[in-house]
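Reviewing the structure listed below.
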2 protein chains.
Amino acid sequence: MVTGGLGFIGSNVAHRLTSAGADVVLIDALVPNHGGESSNAPDGADVLIADIGAPEVADAIAGADVVFNVAGQVSHIESMRDPVRDLELNVHSHLRFLETLRATAPNAMVVQTSTRQVYGRPLYLPVDELHPTRPVDVNGVDKLACEQLHRVYADAHDMRTTSLRLTNVYGPRQHLHRDGLGFLPVFVRRALAGEHIELFGEGSQLRDCLHVDDVVDAMLLAAVQPASVGEVFNLGHPEALSLAEIARLTVESAGTGAQIKCAPWPDGLERIDIGSFQGDFTKATTVLGWSPRISFADGIASTIGWYQARA
Amino acid sequence: MVTGGLGFIGSNVAHRLTSAGADVVLIDALVPNHGGESSNAPDGADVLIADIGAPEVADAIAGADVVFNVAGQVSHIESMRDPVRDLELNVHSHLRFLETLRATAPNAMVVQTSTRQVYGRPLYLPVDELHPTRPVDVNGVDKLACEQLHRVYADAHDMRTTSLRLTNVYGPRQHLHRDGLGFLPVFVRRALAGEHIELFGEGSQLRDCLHVDDVVDAMLLAAVQPASVGEVFNLGHPEALSLAEIARLTVESAGTGAQIKCAPWPDGLERIDIGSFQGDFTKATTVLGWSPRISFADGIASTIGWYQARA
């Protein structure tokens, strides 16, 4: 089962699973302006359109061996505009989902996707899992609560949950035409269209971006590694590139000559910016045997190629 | 304004404030089996019976200079029985309350009571504010999210919030006849009645208990200290006593000859026990000028006396 299975990361997991011959059920609420799209579903997967917190999810869950719990709202700025909605989607629905799992599939392996946002502004780089968790916006608070609830259900109820803290992810099937899904889809959209890319401030903040295929690798490894239960793992990349460099490589791959411009921070956004980030993923390497295989230059080139082939 | 103002800590704040001549409004939902009781209200305070997340709270908030935000569910075990309810009371309602404050009293000083539960099982003692936050139950996850939302509203919206992480608190006006409000009211109730006190395991876990008057001191100091904004502070006590010693002193004060017995851990409870705890409150001493004044022996004696005078 993949929740958020019609979204960016969820659908990439689903495609990998169906390719490998798994029986796959996707759950997705297709929340407007989120990343979900019906066209992302792989052939052969069953699709249930529902909020993961809804009671009708119980029937679909019964018998699940592995649950990839990817559903969620990702927009930081939207979480500040409508914080109650973010809480409902990122915590309330997940708590109800955990209760449903506990009742109907208590032995399923549950791989939850968390985020480097739980750390807030890094006190040191690279950030390991022992770094304090001090999110800077409502979305980060809610994602941390969601992750911690998964761990509590492992510790207190013997469920088999594990969480992966993702950095910025890019690749095929990311919705490019909605804002609030991170800077990477905006860069890709604008590079493809030959439109200028705006960097707030000077674009000097570092990010260790991950290709979605590397993320899917980690999710599958976590699902079959018993030692992952009750643990959290950073996923990161040894390349920490500035936003300016990320923009440059994206434009170069697209070959459209899109301009890169610096612009002042929009109102309210600088306050929830976290500066530079790089994750220490030693624990994921040691316990899961995972490390990313795809450089940003290669990954963004193949990503751009994927979108250009479908334009 | 005091939320949870008919409960144990809230009503003690309210009594101190009315004694000092302040105009006080209490909000309390009188949630069944929580700590609230109408008889706890001091003379002269206005009382609004409402959930803090309800829209009608807005009128009462307008014009508030200081908000002591004490409302919440405190039962760990109840949070595992009905986790969605705990989320609603400890996070949802508080998020709505913060939104109401932002709209109607954005300049009010807000002192929120958090808990040492946010740390989970201590990795070292005494626990300072940099200790990782890894709660062991749903109630702890929710209380941490509540505290972090208060900080986010300070950082992102320029509101004047501060949070105090309390250890176990005892004193007058604590509801003695409901379970789920911590071990201290159970010890006091049983000592007063001459009934035996049960210690799970051997009762060797350490706790640095605080008399509610010391807590109220810290809350008032935090309310008038501008440097507290956006910060969290441990409140703790230099005396870390074993549960067995705490029980012994409580029984001794009551003079009823109540027996102290050891019992096996009830099902599910050991898993959410955190072992020994002692908080490092250096930051509160440095920034707020606070340290506890009341020893456990003195505090429990006067507490027992207070209840005996009202029996």
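By convention in this document, the chains of the structure tokens carry letters A, B, ... by their order, each chain's residues are numbered from 1, and ligands are numbered from 1 in the order they are shown.
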
Need to verify the contact set: Met159 of chain A, 8 Å, only C-alpha atoms, exclusion of same-chain residues closer than 3 positions in sequence. Can you return it as a list in words?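 Listed by chain and then number, they are Arg102, Pro106, Asn107, Ala108, Met109, Tyr153, Ala154 and Asp155 of chain A.
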
For chain A, work out the contacting residues on chain B at 7 Å, counting only C-alpha atoms, and write them as a PyMOL selection string. chain B and resi 84+95+132+136-138+141+145+148-149+152+156+271-272

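Our summary of the geometry notes that atom CA of Gly279 of chain B is positioned 8.9 Å from atom CA of Leu166 of chain B.
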
Pairwise distance for atom CA of Leu101 of chain A and atom CA of His34 of chain A, rounded to one decimal in Å: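 Distance between the two atoms: 24.1 Å.
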
Find the spatial neighbours of Gln112 of chain A, counting only C-alpha atoms, within a cut-off of 12 Å - ignore same-chain residues fewer than 5 positions away - and output them as a PyMOL selection string. chain A and resi 1-4+9-10+66-72+90+94+97-98+143-144+146-151+160-166+215-216+218-220+222-223+228-233

Just list the residues in segment 3-190 of chain B DSSP gives helix (DSSP H, G or I) on the backbone, as a PyMOL selection string. chain B and resi 8-19+38-40+57-61+76-81+83-104+116-119+138-157+183-190

Output file for the selection above: C-alpha atoms, as an mmCIF file, in the first residue's frame:
data_model
loop_
_atom_site.group_PDB
_atom_site.id
_atom_site.type_symbol
_atom_site.label_atom_id
_atom_site.label_comp_id
_atom_site.auth_asym_id
_atom_site.auth_seq_id
_atom_site.Cartn_x
_atom_site.Cartn_y
_atom_site.Cartn_z
ATOM 1 C CA PHE B 8 -5.009 22.826 39.366
ATOM 2 C CA ILE B 9 -2.196 25.056 38.125
ATOM 3 C CA GLY B 10 -4.464 27.542 36.358
ATOM 4 C CA SER B 11 -6.521 28.236 39.463
ATOM 5 C CA ASN B 12 -3.406 28.730 41.567
ATOM 6 C CA VAL B 13 -2.209 31.345 39.056
ATOM 7 C CA ALA B 14 -5.656 32.914 39.155
ATOM 8 C CA HIS B 15 -5.707 33.134 42.971
ATOM 9 C CA ARG B 16 -2.273 34.783 42.973
ATOM 10 C CA LEU B 17 -3.344 37.278 40.307
ATOM 11 C CA THR B 18 -6.618 38.271 41.969
ATOM 12 C CA SER B 19 -4.804 38.635 45.321
ATOM 13 C CA SER B 38 -15.892 25.467 39.427
ATOM 14 C CA SER B 39 -15.063 25.754 43.113
ATOM 15 C CA ASN B 40 -11.439 26.513 42.223
ATOM 16 C CA VAL B 57 -13.143 33.022 23.127
ATOM 17 C CA ALA B 58 -12.222 35.946 20.857
ATOM 18 C CA ASP B 59 -14.343 38.479 22.759
ATOM 19 C CA ALA B 60 -12.831 37.453 26.078
ATOM 20 C CA ILE B 61 -9.290 37.681 24.701
ATOM 21 C CA HIS B 76 -0.511 9.834 29.476
ATOM 22 C CA ILE B 77 -2.562 6.651 29.609
ATOM 23 C CA GLU B 78 -5.732 8.360 28.363
ATOM 24 C CA SER B 79 -3.739 9.699 25.375
ATOM 25 C CA MET B 80 -2.954 6.106 24.419
ATOM 26 C CA ARG B 81 -6.594 5.028 24.841
ATOM 27 C CA PRO B 83 -5.172 9.500 20.887
ATOM 28 C CA VAL B 84 -7.370 11.553 18.568
ATOM 29 C CA ARG B 85 -9.041 13.211 21.539
ATOM 30 C CA ASP B 86 -5.643 14.106 23.016
ATOM 31 C CA LEU B 87 -4.593 15.654 19.717
ATOM 32 C CA GLU B 88 -7.789 17.695 19.602
ATOM 33 C CA LEU B 89 -7.399 19.011 23.145
ATOM 34 C CA ASN B 90 -3.631 19.533 23.289
ATOM 35 C CA VAL B 91 -2.851 20.695 19.755
ATOM 36 C CA HIS B 92 -5.936 21.491 17.708
ATOM 37 C CA SER B 93 -7.558 23.717 20.324
ATOM 38 C CA HIS B 94 -4.270 25.477 21.063
ATOM 39 C CA LEU B 95 -3.587 26.159 17.396
ATOM 40 C CA ARG B 96 -7.037 27.699 17.035
ATOM 41 C CA PHE B 97 -6.386 29.673 20.222
ATOM 42 C CA LEU B 98 -3.068 30.986 18.835
ATOM 43 C CA GLU B 99 -4.905 32.062 15.677
ATOM 44 C CA THR B 100 -7.518 33.840 17.806
ATOM 45 C CA LEU B 101 -4.762 35.532 19.812
ATOM 46 C CA ARG B 102 -2.996 36.584 16.626
ATOM 47 C CA ALA B 103 -6.188 38.199 15.376
ATOM 48 C CA THR B 104 -7.389 39.826 18.595
ATOM 49 C CA ARG B 116 9.338 17.559 30.902
ATOM 50 C CA GLN B 117 7.500 14.826 29.009
ATOM 51 C CA VAL B 118 8.764 16.351 25.771
ATOM 52 C CA TYR B 119 12.181 14.815 26.531
ATOM 53 C CA VAL B 138 0.896 10.466 22.343
ATOM 54 C CA ASN B 139 0.383 13.020 25.099
ATOM 55 C CA GLY B 140 4.091 13.921 24.983
ATOM 56 C CA VAL B 141 4.078 14.235 21.187
ATOM 57 C CA ASP B 142 1.043 16.508 21.379
ATOM 58 C CA LYS B 143 2.439 18.667 24.201
ATOM 59 C CA LEU B 144 5.675 19.124 22.245
ATOM 60 C CA ALA B 145 3.765 20.152 19.125
ATOM 61 C CA CYS B 146 1.750 22.604 21.239
ATOM 62 C CA GLU B 147 4.918 24.140 22.676
ATOM 63 C CA GLN B 148 6.588 24.359 19.258
ATOM 64 C CA LEU B 149 3.530 26.047 17.764
ATOM 65 C CA HIS B 150 3.822 28.725 20.443
ATOM 66 C CA ARG B 151 7.487 29.281 19.497
ATOM 67 C CA VAL B 152 6.684 29.380 15.768
ATOM 68 C CA TYR B 153 4.075 32.073 16.456
ATOM 69 C CA ALA B 154 6.759 34.083 18.279
ATOM 70 C CA ASP B 155 9.364 33.659 15.542
ATOM 71 C CA ALA B 156 7.167 33.969 12.471
ATOM 72 C CA HIS B 157 4.401 36.294 13.693
ATOM 73 C CA PHE B 183 0.988 10.091 40.647
ATOM 74 C CA LEU B 184 1.149 12.948 43.165
ATOM 75 C CA PRO B 185 -2.614 13.480 43.646
ATOM 76 C CA VAL B 186 -3.015 9.706 43.995
ATOM 77 C CA PHE B 187 -0.342 9.611 46.715
ATOM 78 C CA VAL B 188 -1.941 12.558 48.539
ATOM 79 C CA ARG B 189 -5.447 11.086 48.307
ATOM 80 C CA ARG B 190 -4.362 7.704 49.609
#

Neighbour list for Glu37 of chain A as a CSV table (one decimal) with N, CA and C atoms, in the first residue's frame, cut-off 12 Å, only C-alpha atoms, skip fewer than 5 positions in-chain:
chain,number,residue,atom,x,y,z
A,4,GLY,N,-0.7,8.6,-0.5
A,4,GLY,CA,-0.2,9.7,-1.3
A,4,GLY,C,0.3,9.1,-2.6
A,5,GLY,N,-0.3,8.0,-3.0
A,5,GLY,CA,0.2,7.1,-4.1
A,5,GLY,C,0.1,7.8,-5.5
A,6,LEU,N,-0.7,8.8,-5.6
A,6,LEU,CA,-0.8,9.5,-6.9
A,6,LEU,C,0.0,10.8,-6.9
A,7,GLY,N,0.8,11.0,-5.8
A,7,GLY,CA,1.7,12.2,-5.8
A,7,GLY,C,3.0,11.8,-6.3
A,8,PHE,N,3.9,12.8,-6.1
A,8,PHE,CA,5.3,12.7,-6.7
A,8,PHE,C,6.0,11.5,-6.2
A,9,ILE,N,6.4,11.5,-4.9
A,9,ILE,CA,7.2,10.4,-4.4
A,9,ILE,C,6.4,9.1,-4.3
A,10,GLY,N,5.1,9.2,-3.9
A,10,GLY,CA,4.3,8.0,-3.8
A,10,GLY,C,4.2,7.2,-5.1
A,11,SER,N,4.0,8.0,-6.2
A,11,SER,CA,3.8,7.3,-7.5
A,11,SER,C,5.1,6.7,-8.0
A,26,LEU,N,-3.0,2.0,-4.1
A,26,LEU,CA,-2.7,3.4,-3.8
A,26,LEU,C,-3.9,4.0,-3.1
A,27,ILE,N,-3.6,4.8,-2.1
A,27,ILE,CA,-4.6,5.7,-1.5
A,27,ILE,C,-4.2,7.1,-1.7
A,28,ASP,N,-5.1,7.9,-2.2
A,28,ASP,CA,-4.8,9.4,-2.4
A,28,ASP,C,-6.0,10.2,-2.3
A,29,ALA,N,-6.0,11.3,-1.6
A,29,ALA,CA,-7.2,12.1,-1.4
A,29,ALA,C,-7.3,13.1,-2.6
A,30,LEU,N,-6.3,13.2,-3.4
A,30,LEU,CA,-6.3,14.2,-4.5
A,30,LEU,C,-6.7,15.5,-4.0
A,31,VAL,N,-6.0,16.0,-2.9
A,31,VAL,CA,-6.3,17.3,-2.3
A,31,VAL,C,-6.0,18.3,-3.4
A,32,PRO,N,-6.9,19.3,-3.6
A,32,PRO,CA,-6.6,20.3,-4.6
A,32,PRO,C,-5.3,21.1,-4.3
A,42,PRO,N,0.5,3.8,-11.8
A,42,PRO,CA,1.0,2.8,-12.8
A,42,PRO,C,-0.1,1.8,-13.2
A,47,VAL,N,-6.6,1.7,-7.1
A,47,VAL,CA,-6.5,3.1,-6.5
A,47,VAL,C,-7.8,3.4,-5.7
A,49,ILE,N,-9.5,6.5,-3.8
A,49,ILE,CA,-9.5,8.0,-3.6
A,49,ILE,C,-10.1,8.3,-2.2
A,173,ARG,N,7.4,12.9,-12.5
A,173,ARG,CA,6.1,12.8,-11.9
A,173,ARG,C,5.9,13.8,-10.8
A,174,GLN,N,6.8,14.8,-10.7
A,174,GLN,CA,6.6,15.9,-9.7
A,174,GLN,C,5.7,16.9,-10.4
A,175,HIS,N,4.7,17.4,-9.7
A,175,HIS,CA,3.8,18.4,-10.3
A,175,HIS,C,4.5,19.7,-10.5
A,176,LEU,N,4.6,20.2,-11.7
A,176,LEU,CA,5.4,21.4,-12.0
A,176,LEU,C,4.6,22.6,-12.0
A,177,HIS,N,3.3,22.5,-12.1
A,177,HIS,CA,2.5,23.7,-12.3
A,177,HIS,C,1.7,24.2,-11.1
A,178,ARG,N,2.2,23.8,-10.0
A,178,ARG,CA,1.5,24.3,-8.7
A,178,ARG,C,2.7,24.8,-7.9
